[in-house]
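> Before I ask anything, let me first share the structure, which is written out below as structure tokens.
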Amino acid sequence: MVVIAAAATVALSACGGGDADTVSVFAAASLTDAFDDIADAFEEEHPGVLVDRNFAGSSSLREQILQGAPADVFASANRSTMDDLVAADAVGSPEDFATNRMAIAVPAGNSAEVRDLEDFARSDLLIGLCAVEVPCGEFGRRVLSLASVDAAPDTEEPDVRALLTKIDAGELDAGIVYVTDVVAAGDGIEEITIPDLQNVVTSYPIAVVGAPDSDTAAFVDFVRGSRGQAILRDHGFGAP
Amino acid sequence: MSARRTRRPGGNAASGARLPVVLWPFAAVALLFVVVPVLALVQRAPWSDLTSLVTEPIVTDALRLSIVSASVATLVSLVVGVPLAWVLARATFTGRSFVRALVILPMVLPPVVGGAALLFAFGRRGLVGEAVYDQTGFVLPFSIWGVIAANTFVAMPFLVVTVESGLRSVDARYEEAAATLGASRWMIFRRITLPNVAPAIVAGAALCWARALGEFGATVTFAGNLQGRTQTMPLAVFLALESNREAAIALSLVLIVVSLAVLVPLRDRWLR
């Protein structure tokens, strides 16, 4: 009886409180696995609070937020996308919470014998990059230019997952993705490390969308706190 | 779709006055639901920059690729899809209902999944593609042939289903009469069946073409995205949306205008 009454109270307060007990998190696609774990851990530490998750390309999320989508927190894969929202007064002041680097991804077995970025100029290989419009494409090109490699990609994928699918299937010989994507990809994909001198370090900023409430602020603190950071490290992200 | 169309005198669709009045508001809701989003798009269009936006190479490349690949996909669908529709409508064999369900599978499958399935079948490590690649070095993805394959996979069912139901609504007794008069099977198909079902073929081809023109998911998953090689209009729109919303809207308008220019005359002439 007590349990039923308690459940009814929770249900009622959930209705009456609007979105007070739900934190709606919009996060870059590359954060999918890490933020799923973080959200689960947060829910565990904050009983009664639910974390709604919406993962997509950072720029798609920016558009959704600008069109008034009900986001409480936005975590972006690059600073420029976040800066657009700051300029539009849509978010509070952003703080970096993680970093990522780029890596060469090849299909397991690496039958094309890709060794380094120089191989991206080989015309006998099928090479994929992300499209220049999305962050992973922008960083991929920057990495290639740091290595002074003139690559001729066979495809420019609209997001990093699409690129990984084709590498995993063995349809592409190599592509440039985030280190964290290789960690998440599993057995079908091997990583070839890009040396620090040729690599770029990308920062992930997080910000509160609109007026903050206590749950929202708690979530951002959780991501930047020790438990959130440990989860991010597990998924291959670097410290901010 | 009923097996036989009955025509009552005066029951012509053109005489709108005789329609039950109660249908009008429902029809208006349906029409508005389609028209309002298009108007919203038009209202957001960057009219002042429109000409410069739509004459950029990225747009003209994508438009050319879209029209060519959608048209070739429609041709391929006609060549193999009409015979398939004929088999499904006229032949009797065990498992026919299962085959009919298989044919419409690409309509219900998320296109991205369809694209992945194509990759696993016809990619260079695929079920069929690997042997072809080993023998000839030919790779279907990342080329216009890959775009055409993805378009055909997704769009052909629209042709097959339309033509099949067209065939079912044609009186089979004409074919039987021709047979008793000694016409060969091929002659019957060519001189009786095809002309009778021509409106359905045109309607199906138009649907197929329109669907292929808008194809995104299977194309990007199977054929990839590269300007001038595999980047069709929907892919260009999607990427423009990431960086330049006005350009994306301009591109969408071009797509709408081109499809209307093709579909409106067809609709008037054939789809009565």
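Letters for chains follow the order of the structure tokens (A, B, ...), residue numbers begin at 1 for each chain, and ligand numbers begin at 1 in the order shown.
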Near segment 182-191 of chain B, counting only C-alpha atoms, which residues have an atom at most 12 Å away, once you skip same-chain residues fewer than 5 positions from it, shown as a PyMOL selection string?
chain B and resi 82-83+86-87+90+167+172-177+196-198
> Taking only C-alpha atoms into account, produce a table as a tab-separated table in which each residue of chain B with an atom at most 7 Å from an atom of chain A appears once, together with its shortest atom pair and the distance in Å to one decimal, ordered by chain and rising number.

residue	atom	partner	partner_atom	distance
B:Gly123	CA	A:Glu171	CA	6.3
B:Arg124	CA	A:Glu171	CA	6.1
B:Arg125	CA	A:Gly170	CA	6.2
B:Phe142	CA	A:Asp154	CA	6.3
B:Thr221	CA	A:Ala162	CA	6.8
B:Gly224	CA	A:Thr155	CA	5.2
B:Asn225	CA	A:Thr155	CA	5.0
B:Leu226	CA	A:Thr155	CA	5.0
B:Leu239	CA	A:Glu133	CA	6.4
B:Glu242	CA	A:Ser59	CA	5.4
B:Ser243	CA	A:Glu133	CA	5.8
> Among segment 2-166 of chain A, which ones does DSSP assign to helix (DSSP H, G or I) (computed from the backbone)? Answer as JSON, numbers by chain.
{"A": [2, 3, 4, 5, 6, 7, 8, 9, 10, 11, 12, 13, 14, 15, 16, 29, 30, 31, 32, 33, 34, 35, 36, 37, 38, 39, 40, 41, 42, 43, 44, 45, 58, 59, 60, 61, 62, 63, 64, 65, 66, 79, 80, 81, 82, 83, 84, 85, 86, 87, 117, 118, 119, 120, 121, 135, 136, 137, 138, 139, 140, 141, 142, 143, 144, 145, 146, 160, 161, 162, 163, 164, 165, 166]}
> Would you work out the distance separating atom CA of Asp234 of chain A from atom CA of Ile104 of chain A, expressed in Å to one decimal?
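These atoms are spaced 19.7 Å apart.
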> So which one's closest to Asp49 of chain B, B:Ser71, B:Ala117, B:Ala247, B:Ile256? Using only C-alpha atoms, please.
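The answer is B:Ala247, which sits nearest to Asp49 of chain B.
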> Have a look at A:Pro240, A:Glu118, A:Val106, A:Ala90 and name the one nearest to Gly225 of chain A; count only C-alpha atoms.
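Answer, going by the shortest atom-to-atom distance: A:Pro240.
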> Applying 10 Å and only C-alpha atoms, which residues near Val161 of chain B remain after dropping the ones on its own chain fewer than 4 positions away? List them as a PyMOL selection string.
chain B and resi 81-82+84-85+88-89+100+103-104+156-157+165-167+200+204
